[in-house]
$ cat upload37.cif   # mmCIF, C-alpha atoms
data_structure
#
loop_
_atom_site.label_atom_id
_atom_site.label_comp_id
_atom_site.auth_asym_id
_atom_site.auth_seq_id
_atom_site.Cartn_x
_atom_site.Cartn_y
_atom_site.Cartn_z
CA MET F 2 0.00 0.00 0.00
CA SER F 3 1.56 3.26 -1.12
CA VAL F 4 1.19 6.56 0.65
CA ILE F 5 -1.19 7.71 -2.08
CA ASP F 6 -3.31 4.60 -1.55
CA VAL F 7 -3.50 5.34 2.15
CA ALA F 8 -4.77 8.82 1.41
CA SER F 9 -7.38 7.49 -1.01
CA ALA F 10 -8.50 4.75 1.35
CA THR F 11 -8.82 7.32 4.08
CA GLU F 12 -10.91 9.69 2.02
CA LYS F 13 -13.20 6.82 1.07
CA GLU F 14 -13.46 5.79 4.72
CA VAL F 15 -14.33 9.35 5.73
CA THR F 16 -17.00 9.55 3.04
CA LYS F 17 -18.44 6.26 4.18
CA VAL F 18 -18.62 7.02 7.87
CA THR F 19 -20.07 10.49 7.57
CA GLY F 20 -21.97 9.78 4.38
CA ASN F 21 -25.44 10.38 3.10
CA LYS F 22 -27.86 8.82 5.52
CA LEU F 23 -31.06 10.15 7.04
CA SER F 24 -32.67 8.39 9.99
CA ILE F 25 -35.98 9.56 11.39
CA MET F 26 -37.46 8.51 14.72
CA MET F 27 -41.16 9.11 14.18
CA PHE F 28 -42.72 9.42 17.62
CA SER F 29 -45.27 12.25 17.53
CA GLY F 30 -48.65 11.02 16.38
CA THR F 31 -50.36 14.27 15.40
CA ALA F 32 -51.35 14.55 11.75
CA ASP F 33 -49.21 17.62 10.99
CA LYS F 34 -45.92 15.84 11.79
CA PHE F 35 -46.51 13.28 9.03
CA ILE F 36 -46.08 15.99 6.39
CA PRO F 37 -42.35 16.54 7.15
CA LEU F 38 -41.98 12.74 7.38
CA GLY F 39 -43.23 12.43 3.79
CA VAL F 40 -41.35 15.45 2.44
CA LEU F 41 -38.00 14.63 4.08
CA THR F 42 -37.99 10.92 3.24
CA GLN F 43 -38.97 11.63 -0.37
CA ALA F 44 -36.39 14.40 -0.80
CA ALA F 45 -33.60 12.44 0.89
CA ALA F 46 -34.29 9.24 -1.07
CA ALA F 47 -34.42 11.21 -4.34
CA MET F 48 -31.00 12.68 -3.45
CA GLY F 49 -29.64 9.15 -3.15
CA MET F 50 -29.44 9.14 0.63
CA GLU F 51 -30.01 5.97 2.63
CA VAL F 52 -33.27 6.56 4.51
CA ASN F 53 -34.48 4.65 7.57
CA VAL F 54 -37.58 5.46 9.60
CA PHE F 55 -38.21 4.09 13.09
CA VAL F 56 -41.88 4.44 14.03
CA THR F 57 -42.78 4.41 17.70
CA GLY F 58 -45.28 5.80 20.21
CA PHE F 59 -48.54 7.21 18.93
CA ALA F 60 -47.12 7.49 15.41
CA LEU F 61 -47.60 3.71 15.05
CA HIS F 62 -51.30 4.46 14.50
CA GLY F 63 -50.41 6.04 11.17
CA PHE F 64 -49.22 2.68 9.85
CA THR F 65 -51.83 0.13 10.99
CA LYS F 66 -54.21 -1.71 8.66
CA GLU F 67 -56.98 -0.67 11.03
CA HIS F 68 -57.64 3.01 10.35
CA HIS F 69 -56.97 5.54 13.13
CA ASP F 70 -57.79 9.20 12.70
CA LEU F 71 -54.57 11.08 13.43
CA PRO F 72 -55.44 14.01 15.68
CA PHE F 73 -54.51 17.57 14.74
CA PRO F 74 -52.50 19.49 17.38
CA THR F 75 -54.92 21.26 19.72
CA GLU F 76 -53.15 24.62 19.39
CA PHE F 77 -53.57 24.75 15.63
CA ALA F 78 -56.93 23.00 15.21
CA ALA F 79 -58.49 26.19 13.81
CA MET F 80 -55.94 26.19 10.99
CA ALA F 81 -56.54 22.60 9.87
CA PRO F 82 -59.18 23.34 7.19
CA ALA F 83 -57.12 26.13 5.57
CA LEU F 84 -54.05 23.90 5.58
CA ALA F 85 -55.91 20.97 4.01
CA GLN F 86 -57.34 23.32 1.38
CA GLY F 87 -53.89 24.81 0.66
CA MET F 88 -52.38 21.36 0.22
CA GLU F 89 -55.11 20.37 -2.18
CA ALA F 90 -54.92 23.63 -4.16
CA THR F 91 -51.14 23.29 -4.57
CA HIS F 92 -51.37 19.56 -5.33
CA VAL F 93 -49.14 18.49 -2.46
CA GLU F 94 -49.17 14.72 -2.31
CA SER F 95 -50.24 12.91 0.84
CA TRP F 96 -47.49 11.82 3.23
CA GLU F 97 -48.27 8.18 2.40
CA THR F 98 -47.67 8.83 -1.30
CA MET F 99 -44.40 10.66 -0.61
CA LEU F 100 -43.19 7.93 1.77
CA ARG F 101 -44.16 5.28 -0.78
CA GLN F 102 -42.05 7.08 -3.41
CA ALA F 103 -39.15 7.15 -0.92
CA LYS F 104 -39.59 3.42 -0.37
CA GLU F 105 -39.45 2.76 -4.12
CA LEU F 106 -36.04 4.44 -3.98
CA GLY F 107 -34.93 2.22 -1.10
CA ALA F 108 -36.19 3.88 2.09
CA LYS F 109 -37.07 1.46 4.90
CA VAL F 110 -39.66 1.78 7.66
CA TYR F 111 -39.37 -0.10 10.96
CA ALA F 112 -41.84 -0.32 13.83
CA CYS F 113 -40.44 -0.19 17.38
CA SER F 114 -40.62 -3.67 18.94
CA MET F 115 -41.12 -2.42 22.51
CA MET F 116 -44.02 -0.11 21.67
CA CYS F 117 -45.58 -2.80 19.45
CA GLU F 118 -45.64 -5.10 22.48
CA VAL F 119 -47.03 -2.34 24.72
CA MET F 120 -49.76 -1.52 22.19
CA GLY F 121 -50.44 -5.17 21.30
CA LEU F 122 -49.37 -4.78 17.66
CA LYS F 123 -47.67 -7.37 15.44
CA LEU F 124 -45.99 -6.95 12.03
CA ASP F 125 -49.16 -8.32 10.43
CA ASP F 126 -51.20 -5.48 11.97
CA PHE F 127 -49.30 -2.91 9.87
CA ASN F 128 -49.87 -1.95 6.27
CA ASP F 129 -47.25 -2.54 3.59
CA LEU F 130 -45.34 0.66 4.40
CA VAL F 131 -43.75 -1.14 7.37
CA ASP F 132 -40.84 -3.41 6.47
CA ASP F 133 -40.13 -4.96 9.85
CA VAL F 134 -40.36 -4.71 13.64
CA VAL F 135 -36.99 -3.96 15.28
CA GLY F 136 -35.61 -2.77 18.61
CA ALA F 137 -34.26 0.68 19.44
CA ALA F 138 -30.67 -0.60 19.68
CA THR F 139 -30.86 -2.00 16.15
CA PHE F 140 -32.13 1.35 14.89
CA LEU F 141 -29.44 3.32 16.73
CA GLN F 142 -26.89 1.14 14.96
CA MET F 143 -28.51 1.79 11.55
CA ALA F 144 -28.49 5.53 12.30
CA GLU F 145 -24.80 5.75 13.17
CA HIS F 146 -22.72 8.25 11.20
CA GLY F 147 -25.69 9.97 9.55
CA GLU F 148 -28.26 12.66 10.25
CA THR F 149 -30.87 11.60 12.81
CA LEU F 150 -34.10 13.49 13.44
CA PHE F 151 -36.63 12.94 16.22
CA ILE F 152 -40.03 14.03 14.96
CA MET S 97 3.73 13.80 -0.01
CA SER S 98 5.35 12.37 3.13
CA VAL S 99 3.65 10.05 5.54
CA ILE S 100 3.34 12.92 7.99
CA ASP S 101 1.63 15.04 5.33
CA VAL S 102 -0.86 12.27 4.67
CA ALA S 103 -1.70 12.12 8.35
CA SER S 104 -2.15 15.91 8.53
CA ALA S 105 -4.23 16.05 5.37
CA THR S 106 -6.41 13.31 6.75
CA GLU S 107 -6.99 15.08 10.03
CA LYS S 108 -7.95 18.24 8.15
CA GLU S 109 -10.30 16.29 5.91
CA VAL S 110 -11.93 14.65 8.92
CA THR S 111 -12.39 18.02 10.58
CA LYS S 112 -13.95 19.42 7.45
CA VAL S 113 -16.47 16.72 6.75
CA THR S 114 -17.66 16.26 10.30
CA GLY S 115 -17.11 19.87 11.23
CA ASN S 116 -18.95 22.53 13.12
CA LYS S 117 -22.36 22.97 11.58
CA LEU S 118 -25.79 23.19 13.18
CA SER S 119 -28.94 22.86 11.10
CA ILE S 120 -32.36 23.33 12.62
CA MET S 121 -35.65 22.35 11.02
CA MET S 122 -38.12 24.61 12.80
CA PHE S 123 -41.54 23.04 12.41
CA SER S 124 -43.39 23.36 15.72
CA GLY S 125 -45.22 26.65 15.95
CA THR S 126 -45.89 26.89 19.69
CA ALA S 127 -44.26 29.87 21.40
CA ASP S 128 -42.11 27.82 23.82
CA LYS S 129 -40.14 26.11 21.01
CA PHE S 130 -38.82 29.46 19.77
CA ILE S 131 -36.75 29.84 22.96
CA PRO S 132 -34.42 26.91 22.13
CA LEU S 133 -34.30 28.19 18.53
CA GLY S 134 -32.93 31.52 19.79
CA VAL S 135 -30.60 30.04 22.41
CA LEU S 136 -29.13 27.33 20.18
CA THR S 137 -28.59 29.50 17.10
CA GLN S 138 -26.99 32.25 19.19
CA ALA S 139 -24.73 29.84 21.11
CA ALA S 140 -23.72 27.90 17.99
CA ALA S 141 -23.00 31.04 15.95
CA ALA S 142 -20.97 32.50 18.83
CA MET S 143 -18.93 29.27 18.89
CA GLY S 144 -18.11 29.81 15.23
CA MET S 145 -20.41 27.10 13.93
CA GLU S 146 -22.16 27.43 10.58
CA VAL S 147 -25.86 27.77 11.42
CA ASN S 148 -28.77 27.20 9.03
CA VAL S 149 -32.44 27.28 9.98
CA PHE S 150 -35.19 25.83 7.79
CA VAL S 151 -38.59 27.16 8.84
CA THR S 152 -41.65 25.18 7.88
CA GLY S 153 -45.18 24.31 9.02
CA PHE S 154 -46.82 26.48 11.64
CA ALA S 155 -43.46 27.96 12.63
CA LEU S 156 -43.61 30.12 9.49
CA HIS S 157 -46.07 32.33 11.40
CA GLY S 158 -43.23 33.41 13.67
CA PHE S 159 -41.48 35.08 10.73
CA THR S 160 -44.22 36.92 8.83
CA LYS S 161 -44.52 40.70 8.60
CA GLU S 162 -48.16 40.25 9.56
CA HIS S 163 -48.19 39.51 13.28
CA HIS S 164 -49.47 36.12 14.46
CA ASP S 165 -49.80 35.29 18.13
CA LEU S 166 -47.81 32.10 18.65
CA PRO S 167 -49.92 29.79 20.81
CA PHE S 168 -48.58 28.35 24.05
CA PRO S 169 -48.75 24.53 24.36
CA THR S 170 -52.10 23.59 25.89
CA GLU S 171 -50.53 21.31 28.50
CA PHE S 172 -48.40 24.09 29.99
CA ALA S 173 -50.69 27.09 29.52
CA ALA S 174 -50.94 27.57 33.29
CA MET S 175 -47.16 28.02 33.46
CA ALA S 176 -46.92 30.70 30.78
CA PRO S 177 -47.19 33.77 33.07
CA ALA S 178 -44.54 32.47 35.54
CA LEU S 179 -42.23 31.64 32.64
CA ALA S 180 -42.64 35.09 31.06
CA GLN S 181 -42.01 36.70 34.46
CA GLY S 182 -38.90 34.54 35.02
CA MET S 183 -37.50 35.46 31.62
CA GLU S 184 -38.03 39.15 32.30
CA ALA S 185 -36.55 38.96 35.80
CA THR S 186 -33.42 37.17 34.55
CA HIS S 187 -33.13 39.45 31.50
CA VAL S 188 -33.32 36.65 28.96
CA GLU S 189 -33.47 38.18 25.53
CA SER S 190 -36.32 37.42 23.17
CA TRP S 191 -35.80 34.65 20.62
CA GLU S 192 -35.89 37.27 17.84
CA THR S 193 -33.01 39.17 19.47
CA MET S 194 -30.98 35.99 19.95
CA LEU S 195 -31.61 34.84 16.37
CA ARG S 196 -30.72 38.31 15.09
CA GLN S 197 -27.39 38.09 16.96
CA ALA S 198 -26.80 34.68 15.40
CA LYS S 199 -27.52 36.17 11.98
CA GLU S 200 -24.99 38.96 12.58
CA LEU S 201 -22.47 36.13 13.05
CA GLY S 202 -23.52 34.49 9.81
CA ALA S 203 -26.53 32.30 10.61
CA LYS S 204 -29.02 31.93 7.78
CA VAL S 205 -32.79 31.41 7.89
CA TYR S 206 -34.73 29.80 5.05
CA ALA S 207 -38.47 29.36 4.62
CA CYS S 208 -39.71 26.04 3.18
CA SER S 209 -40.88 26.59 -0.41
CA MET S 210 -43.56 23.88 -0.31
CA MET S 211 -45.21 25.14 2.88
CA CYS S 212 -44.98 28.73 1.62
CA GLU S 213 -47.02 27.69 -1.42
CA VAL S 214 -49.50 25.78 0.74
CA MET S 215 -49.93 28.74 3.09
CA GLY S 216 -49.89 31.33 0.28
CA LEU S 217 -46.71 33.06 1.51
CA LYS S 218 -44.01 34.73 -0.59
CA LEU S 219 -40.50 35.88 0.43
CA ASP S 220 -41.88 39.42 0.63
CA ASP S 221 -44.41 38.33 3.27
CA PHE S 222 -41.59 37.52 5.72
CA ASN S 223 -39.69 39.93 7.93
CA ASP S 224 -35.95 40.52 7.51
CA LEU S 225 -35.02 37.45 9.59
CA VAL S 226 -35.74 35.27 6.54
CA ASP S 227 -32.94 35.16 3.94
CA ASP S 228 -34.62 33.12 1.25
CA VAL S 229 -37.23 30.54 0.31
CA VAL S 230 -35.73 27.11 -0.50
CA GLY S 231 -36.84 23.50 -0.91
CA ALA S 232 -36.33 20.64 1.52
CA ALA S 233 -33.76 18.94 -0.73
CA THR S 234 -31.63 22.08 -0.78
CA PHE S 235 -31.75 22.25 3.00
CA LEU S 236 -30.88 18.57 3.41
CA GLN S 237 -27.79 19.24 1.30
CA MET S 238 -26.82 22.23 3.47
CA ALA S 239 -27.27 20.09 6.57
CA GLU S 240 -25.03 17.25 5.45
CA HIS S 241 -22.15 16.32 7.74
CA GLY S 242 -23.32 18.42 10.68
CA GLU S 243 -25.73 18.25 13.59
CA THR S 244 -29.38 18.49 12.55
CA LEU S 245 -32.24 19.12 14.97
CA PHE S 246 -35.97 18.92 14.30
CA ILE S 247 -37.74 21.30 16.67
CA MET E 218 5.53 5.80 11.72
CA SER E 219 4.94 3.32 8.89
CA VAL E 220 2.30 3.69 6.25
CA ILE E 221 0.32 0.92 7.95
CA ASP E 222 0.49 2.84 11.22
CA VAL E 223 -0.83 5.95 9.49
CA ALA E 224 -3.77 3.97 8.13
CA SER E 225 -4.51 2.56 11.59
CA ALA E 226 -4.15 5.93 13.28
CA THR E 227 -6.45 7.43 10.70
CA GLU E 228 -9.13 4.80 11.18
CA LYS E 229 -8.97 5.36 14.91
CA GLU E 230 -9.23 9.13 14.39
CA VAL E 231 -12.24 8.70 12.12
CA THR E 232 -13.89 6.43 14.66
CA LYS E 233 -13.24 8.97 17.36
CA VAL E 234 -14.53 12.08 15.65
CA THR E 235 -17.59 10.57 14.06
CA GLY E 236 -17.90 7.88 16.67
CA ASN E 237 -20.51 6.54 18.96
CA LYS E 238 -22.07 9.43 20.79
CA LEU E 239 -25.71 10.24 21.45
CA SER E 240 -26.75 13.65 22.72
CA ILE E 241 -30.34 14.40 23.61
CA MET E 242 -31.80 17.85 24.18
CA MET E 243 -34.82 17.08 26.36
CA PHE E 244 -37.18 20.01 26.04
CA SER E 245 -40.74 18.70 25.79
CA GLY E 246 -42.26 18.18 29.20
CA THR E 247 -45.18 15.89 28.39
CA ALA E 248 -45.05 12.46 30.04
CA ASP E 249 -44.98 10.45 26.80
CA LYS E 250 -41.68 11.97 25.61
CA PHE E 251 -39.85 10.60 28.64
CA ILE E 252 -40.35 7.02 27.37
CA PRO E 253 -38.05 7.50 24.33
CA LEU E 254 -35.63 9.36 26.61
CA GLY E 255 -35.37 6.25 28.82
CA VAL E 256 -35.31 3.74 25.96
CA LEU E 257 -32.76 5.58 23.82
CA THR E 258 -30.34 6.44 26.64
CA GLN E 259 -30.47 2.88 27.98
CA ALA E 260 -30.01 1.29 24.54
CA ALA E 261 -27.23 3.69 23.51
CA ALA E 262 -25.33 3.30 26.81
CA ALA E 263 -25.66 -0.50 26.61
CA MET E 264 -24.15 -0.32 23.09
CA GLY E 265 -21.15 1.48 24.54
CA MET E 266 -22.08 4.89 23.18
CA GLU E 267 -21.23 8.07 25.07
CA VAL E 268 -24.59 9.51 26.16
CA ASN E 269 -25.25 13.09 27.25
CA VAL E 270 -28.66 14.56 28.06
CA PHE E 271 -29.33 18.30 28.25
CA VAL E 272 -32.59 18.97 30.09
CA THR E 273 -34.31 22.28 29.48
CA GLY E 274 -37.74 23.92 29.35
CA PHE E 275 -40.68 22.14 30.91
CA ALA E 276 -38.76 18.85 30.95
CA LEU E 277 -36.81 20.16 33.97
CA HIS E 278 -39.90 19.33 36.03
CA GLY E 279 -39.21 15.64 35.47
CA PHE E 280 -35.96 15.92 37.43
CA THR E 281 -36.80 18.03 40.50
CA LYS E 282 -36.85 16.71 44.06
CA GLU E 283 -40.25 18.38 44.38
CA HIS E 284 -42.71 16.17 42.50
CA HIS E 285 -44.46 17.57 39.44
CA ASP E 286 -47.10 15.58 37.59
CA LEU E 287 -45.96 15.45 33.97
CA PRO E 288 -48.96 16.22 31.76
CA PHE E 289 -50.05 13.84 29.03
CA PRO E 290 -50.41 15.38 25.54
CA THR E 291 -53.96 16.69 25.14
CA GLU E 292 -54.47 14.95 21.79
CA PHE E 293 -53.79 11.50 23.21
CA ALA E 294 -55.22 11.84 26.73
CA ALA E 295 -57.86 9.21 25.99
CA MET E 296 -55.09 6.68 25.25
CA ALA E 297 -53.16 7.22 28.48
CA PRO E 298 -54.85 4.46 30.56
CA ALA E 299 -54.43 1.79 27.84
CA LEU E 300 -50.80 2.81 27.38
CA ALA E 301 -50.05 2.63 31.12
CA GLN E 302 -51.77 -0.77 31.27
CA GLY E 303 -49.80 -2.04 28.27
CA MET E 304 -46.51 -0.91 29.81
CA GLU E 305 -47.33 -2.68 33.05
CA ALA E 306 -48.49 -5.86 31.31
CA THR E 307 -45.31 -6.05 29.21
CA HIS E 308 -43.09 -5.12 32.17
CA VAL E 309 -41.60 -2.04 30.54
CA GLU E 310 -39.47 -0.27 33.09
CA SER E 311 -40.12 3.35 33.99
CA TRP E 312 -38.08 6.00 32.18
CA GLU E 313 -36.31 6.82 35.47
CA THR E 314 -35.18 3.20 35.85
CA MET E 315 -33.97 3.06 32.25
CA LEU E 316 -32.13 6.39 32.55
CA ARG E 317 -30.59 5.24 35.85
CA GLN E 318 -29.29 2.12 34.09
CA ALA E 319 -27.84 4.32 31.35
CA LYS E 320 -26.15 6.45 34.02
CA GLU E 321 -24.59 3.34 35.61
CA LEU E 322 -23.01 2.77 32.18
CA GLY E 323 -21.71 6.34 32.06
CA ALA E 324 -24.55 8.49 30.69
CA LYS E 325 -24.60 12.05 32.00
CA VAL E 326 -27.54 14.40 32.57
CA TYR E 327 -27.17 18.18 32.59
CA ALA E 328 -29.73 20.85 33.40
CA CYS E 329 -29.77 24.01 31.23
CA SER E 330 -28.32 26.91 33.22
CA MET E 331 -30.45 29.57 31.53
CA MET E 332 -33.76 27.81 32.10
CA CYS E 333 -32.73 26.97 35.68
CA GLU E 334 -32.32 30.70 36.30
CA VAL E 335 -35.62 31.51 34.60
CA MET E 336 -37.46 28.86 36.63
CA GLY E 337 -35.59 29.63 39.87
CA LEU E 338 -33.96 26.19 40.10
CA LYS E 339 -30.52 25.33 41.52
CA LEU E 340 -28.52 22.08 41.22
CA ASP E 341 -29.67 21.21 44.75
CA ASP E 342 -33.32 21.35 43.63
CA PHE E 343 -32.78 18.36 41.30
CA ASN E 344 -32.74 14.69 42.18
CA ASP E 345 -29.63 12.55 41.79
CA LEU E 346 -30.28 11.90 38.09
CA VAL E 347 -28.88 15.37 37.32
CA ASP E 348 -25.07 15.57 37.27
CA ASP E 349 -24.59 19.28 36.78
CA VAL E 350 -25.99 22.58 35.52
CA VAL E 351 -24.34 23.75 32.27
CA GLY E 352 -24.93 26.25 29.47
CA ALA E 353 -26.16 25.51 25.95
CA ALA E 354 -22.74 26.30 24.42
CA THR E 355 -21.06 23.71 26.67
CA PHE E 356 -23.62 21.13 25.61
CA LEU E 357 -23.25 21.93 21.91
CA GLN E 358 -19.53 21.29 22.33
CA MET E 359 -20.18 17.94 24.04
CA ALA E 360 -22.56 17.00 21.22
CA GLU E 361 -20.13 17.68 18.38
CA HIS E 362 -19.44 14.83 15.98
CA GLY E 363 -22.23 12.59 17.26
CA GLU E 364 -25.95 12.06 16.85
CA THR E 365 -28.06 14.80 18.42
CA LEU E 366 -31.79 14.55 19.02
CA PHE E 367 -34.20 17.27 20.12
CA ILE E 368 -37.06 15.64 21.99
#
$ encode --input "upload37.cif" --output "structure tokens"
Amino acid sequence: MSVIDVASATEKEVTKVTGNKLSIMMFSGTADKFIPLGVLTQAAAAMGMEVNVFVTGFALHGFTKEHHDLPFPTEFAAMAPALAQGMEATHVESWETMLRQAKELGAKVYACSMMCEVMGLKLDDFNDLVDDVVGAATFLQMAEHGETLFI
Amino acid sequence: MSVIDVASATEKEVTKVTGNKLSIMMFSGTADKFIPLGVLTQAAAAMGMEVNVFVTGFALHGFTKEHHDLPFPTEFAAMAPALAQGMEATHVESWETMLRQAKELGAKVYACSMMCEVMGLKLDDFNDLVDDVVGAATFLQMAEHGETLFI
Amino acid sequence: MSVIDVASATEKEVTKVTGNKLSIMMFSGTADKFIPLGVLTQAAAAMGMEVNVFVTGFALHGFTKEHHDLPFPTEFAAMAPALAQGMEATHVESWETMLRQAKELGAKVYACSMMCEVMGLKLDDFNDLVDDVVGAATFLQMAEHGETLFI
């Protein structure tokens, strides 16, 4: 290994360890927070970033086969109709559509094993957006050396 | 290039790619969340970090020329007067003042183009804290290789 | 120093600067958000990660000697009993127990000096989970080159 090779190997290593990866812990279960989930996963996947989503807490209700109405945050309830109208008028896609596009580009969605147990949910209770049920430690490992957001 | 030079170049490279950069996605629009926005941007900018803020969702109302009262979170409404009194008594500056100081040190504030469209807002509708209107993908690129917070 | 040594030193350096570190800014004071605090600190500490928690805002009330009931988010209040029952049935430990386990593995908890002043709290007002009172700039420095979450 020449000195030049060392330098090259090192640059590659640096790129790898700090590289393009977005991990989102999706905890909040209010409807508004699913919009940035859709937008960010779609944008990141389109940019070629590795995208992993860890769904936990009340947000799990956004991914079950059984439909749950996602509540709007109390403080902004009065703005919900105008927001919905604005999204329709500007043809913003639903968060499910955006997340589905991200998944077609490789994004993965995992449900938190502990909260699934607490809420009595199994992999089969989720729709096809969810790839697997994993633990928090597994997700922390996936998230290493990338950007991680808690939503 | 000597072996020593390789080592030095590598250290520099490492510093660059994982270097001092704070990116904040400001989504929550309740009044309390603007305090950490002010504190963190001011502290990070004073430390010489590159600071970029991406304002989206209800938080956009904190940056419009037209005044919007930012709601206090329902769960802590009873604590709002004591908190306001404590901030006055200890001479804590307003979040606008802190963010303005951060901007004097180079911090940048961007409004989310998609949410601007949805809410019918143009760059000219924002006060002078907002530098530009950009898309989520652009912001994700700015945020790469730094710390990113979703508030 | 041989070329091989340079490569090894470099790998170590890379590991160090982008290495295993989780920093959590704990701002939200609703009861539900303390569950991910416990789970993530415990999991990260068990994985050998350096873990630092910066407690600020309403979340400070979760760490005082004087007991404060942590409010449940308004939107999900109806789900609180089922959630508590599920956590008991599946033997999920309390967030305090999980954080205490993380601390036995080296995790540190800091209270935000500015918010302590605003809320009239001193180090002695906190229980033994809190290691010290520090400023935001100090915490940003601790958080550098790791994963940082704003909860």
$ resolve_selection --input "upload37.cif" --expression "the PyMOL selection byres ((chain E and resi 331) around 9)" --output "list in words"
Thr186 and Val188 of chain S; Thr273, Ala328, Cys329, Ser330, Met332, Cys333, Glu334, Val335, Met336, Val351, Gly352 and Ala353 of chain E
$ calpha_fit_rmsd --input "upload37.cif" --fixed "chain F" --moving "chain E"
0.5 Å
$ closest_residue --input "upload37.cif" --among "F:Phe151, F:Tyr111, F:Phe35, F:Phe59" --to "chain S" --atoms "all atoms listed in the file"
F:Phe151
$ residues_around --input "upload37.cif" --residues "S:Ala142" --least-positions-apart "5" --cutoff "10 Å" --atoms "all atoms listed in the file" --output "PyMOL selection string"
(chain S and resi 136-137+197-198+200-203) or (chain E and resi 354)
$ resolve_selection --input "upload37.cif" --expression "the PyMOL selection byres ((chain S and resi 157-164) around 9)" --output "PyMOL selection string"
chain S and resi 125+127+130+151+153-156+165-167+207+217+220-226
$ residues_near_point --input "upload37.cif" --point "(-31.8, 10.3, 4.4)" --cutoff "12 Å" --atoms "only C-alpha atoms" --output "mmCIF file with C-alpha atoms, in the frame of the given file"
data_model
loop_
_atom_site.group_PDB
_atom_site.id
_atom_site.type_symbol
_atom_site.label_atom_id
_atom_site.label_comp_id
_atom_site.auth_asym_id
_atom_site.auth_seq_id
_atom_site.Cartn_x
_atom_site.Cartn_y
_atom_site.Cartn_z
ATOM 1 C CA GLY F 20 -21.970 9.780 4.380
ATOM 2 C CA ASN F 21 -25.440 10.380 3.100
ATOM 3 C CA LYS F 22 -27.860 8.820 5.520
ATOM 4 C CA LEU F 23 -31.060 10.150 7.040
ATOM 5 C CA SER F 24 -32.670 8.390 9.990
ATOM 6 C CA ILE F 25 -35.980 9.560 11.390
ATOM 7 C CA MET F 26 -37.460 8.510 14.720
ATOM 8 C CA LEU F 38 -41.980 12.740 7.380
ATOM 9 C CA GLY F 39 -43.230 12.430 3.790
ATOM 10 C CA VAL F 40 -41.350 15.450 2.440
ATOM 11 C CA LEU F 41 -38.000 14.630 4.080
ATOM 12 C CA THR F 42 -37.990 10.920 3.240
ATOM 13 C CA GLN F 43 -38.970 11.630 -0.370
ATOM 14 C CA ALA F 44 -36.390 14.400 -0.800
ATOM 15 C CA ALA F 45 -33.600 12.440 0.890
ATOM 16 C CA ALA F 46 -34.290 9.240 -1.070
ATOM 17 C CA ALA F 47 -34.420 11.210 -4.340
ATOM 18 C CA MET F 48 -31.000 12.680 -3.450
ATOM 19 C CA GLY F 49 -29.640 9.150 -3.150
ATOM 20 C CA MET F 50 -29.440 9.140 0.630
ATOM 21 C CA GLU F 51 -30.010 5.970 2.630
ATOM 22 C CA VAL F 52 -33.270 6.560 4.510
ATOM 23 C CA ASN F 53 -34.480 4.650 7.570
ATOM 24 C CA VAL F 54 -37.580 5.460 9.600
ATOM 25 C CA LEU F 100 -43.190 7.930 1.770
ATOM 26 C CA ALA F 103 -39.150 7.150 -0.920
ATOM 27 C CA LYS F 104 -39.590 3.420 -0.370
ATOM 28 C CA LEU F 106 -36.040 4.440 -3.980
ATOM 29 C CA GLY F 107 -34.930 2.220 -1.100
ATOM 30 C CA ALA F 108 -36.190 3.880 2.090
ATOM 31 C CA LYS F 109 -37.070 1.460 4.900
ATOM 32 C CA MET F 143 -28.510 1.790 11.550
ATOM 33 C CA ALA F 144 -28.490 5.530 12.300
ATOM 34 C CA HIS F 146 -22.720 8.250 11.200
ATOM 35 C CA GLY F 147 -25.690 9.970 9.550
ATOM 36 C CA GLU F 148 -28.260 12.660 10.250
ATOM 37 C CA THR F 149 -30.870 11.600 12.810
ATOM 38 C CA LEU F 150 -34.100 13.490 13.440
ATOM 39 C CA ALA S 232 -36.330 20.640 1.520
ATOM 40 C CA ALA S 233 -33.760 18.940 -0.730
ATOM 41 C CA LEU S 236 -30.880 18.570 3.410
ATOM 42 C CA GLN S 237 -27.790 19.240 1.300
ATOM 43 C CA ALA S 239 -27.270 20.090 6.570
ATOM 44 C CA GLU S 240 -25.030 17.250 5.450
ATOM 45 C CA HIS S 241 -22.150 16.320 7.740
ATOM 46 C CA THR S 244 -29.380 18.490 12.550
#
$ residues_around --input "upload37.cif" --residues "F:Pro74" --least-positions-apart "2" --cutoff "10 Å" --atoms "all atoms listed in the file" --output "list in words"
Gly30, Thr31, Ala32, Asp33, Lys34, Leu71, Pro72, Glu76, Phe77, Ala78, Ala79, Met80 and Ala81 of chain F; Pro169 and Thr170 of chain S; Pro290, Thr291, Glu292 and Phe293 of chain E
$ atom_distance --input "upload37.cif" --atom1 "atom CA of F:Val110" --atom2 "atom CA of F:Trp96"
13.5 Å
$ closest_residue --input "upload37.cif" --among "S:Thr193, S:Phe235, S:Ile131, S:Leu219" --to "chain E" --atoms "only C-alpha atoms"
S:Ile131
$ atom_distance --input "upload37.cif" --atom1 "atom CA of S:Met194" --atom2 "atom CA of S:Gly182"
17.1 Å
$ atom_distance --input "upload37.cif" --atom1 "atom CA of F:Val134" --atom2 "atom CA of E:Leu300"
18.8 Å
$ closest_residue --input "upload37.cif" --among "F:Asp132, F:Met27, F:Ser95, F:Gly121" --to "chain E" --atoms "all atoms listed in the file"
F:Gly121
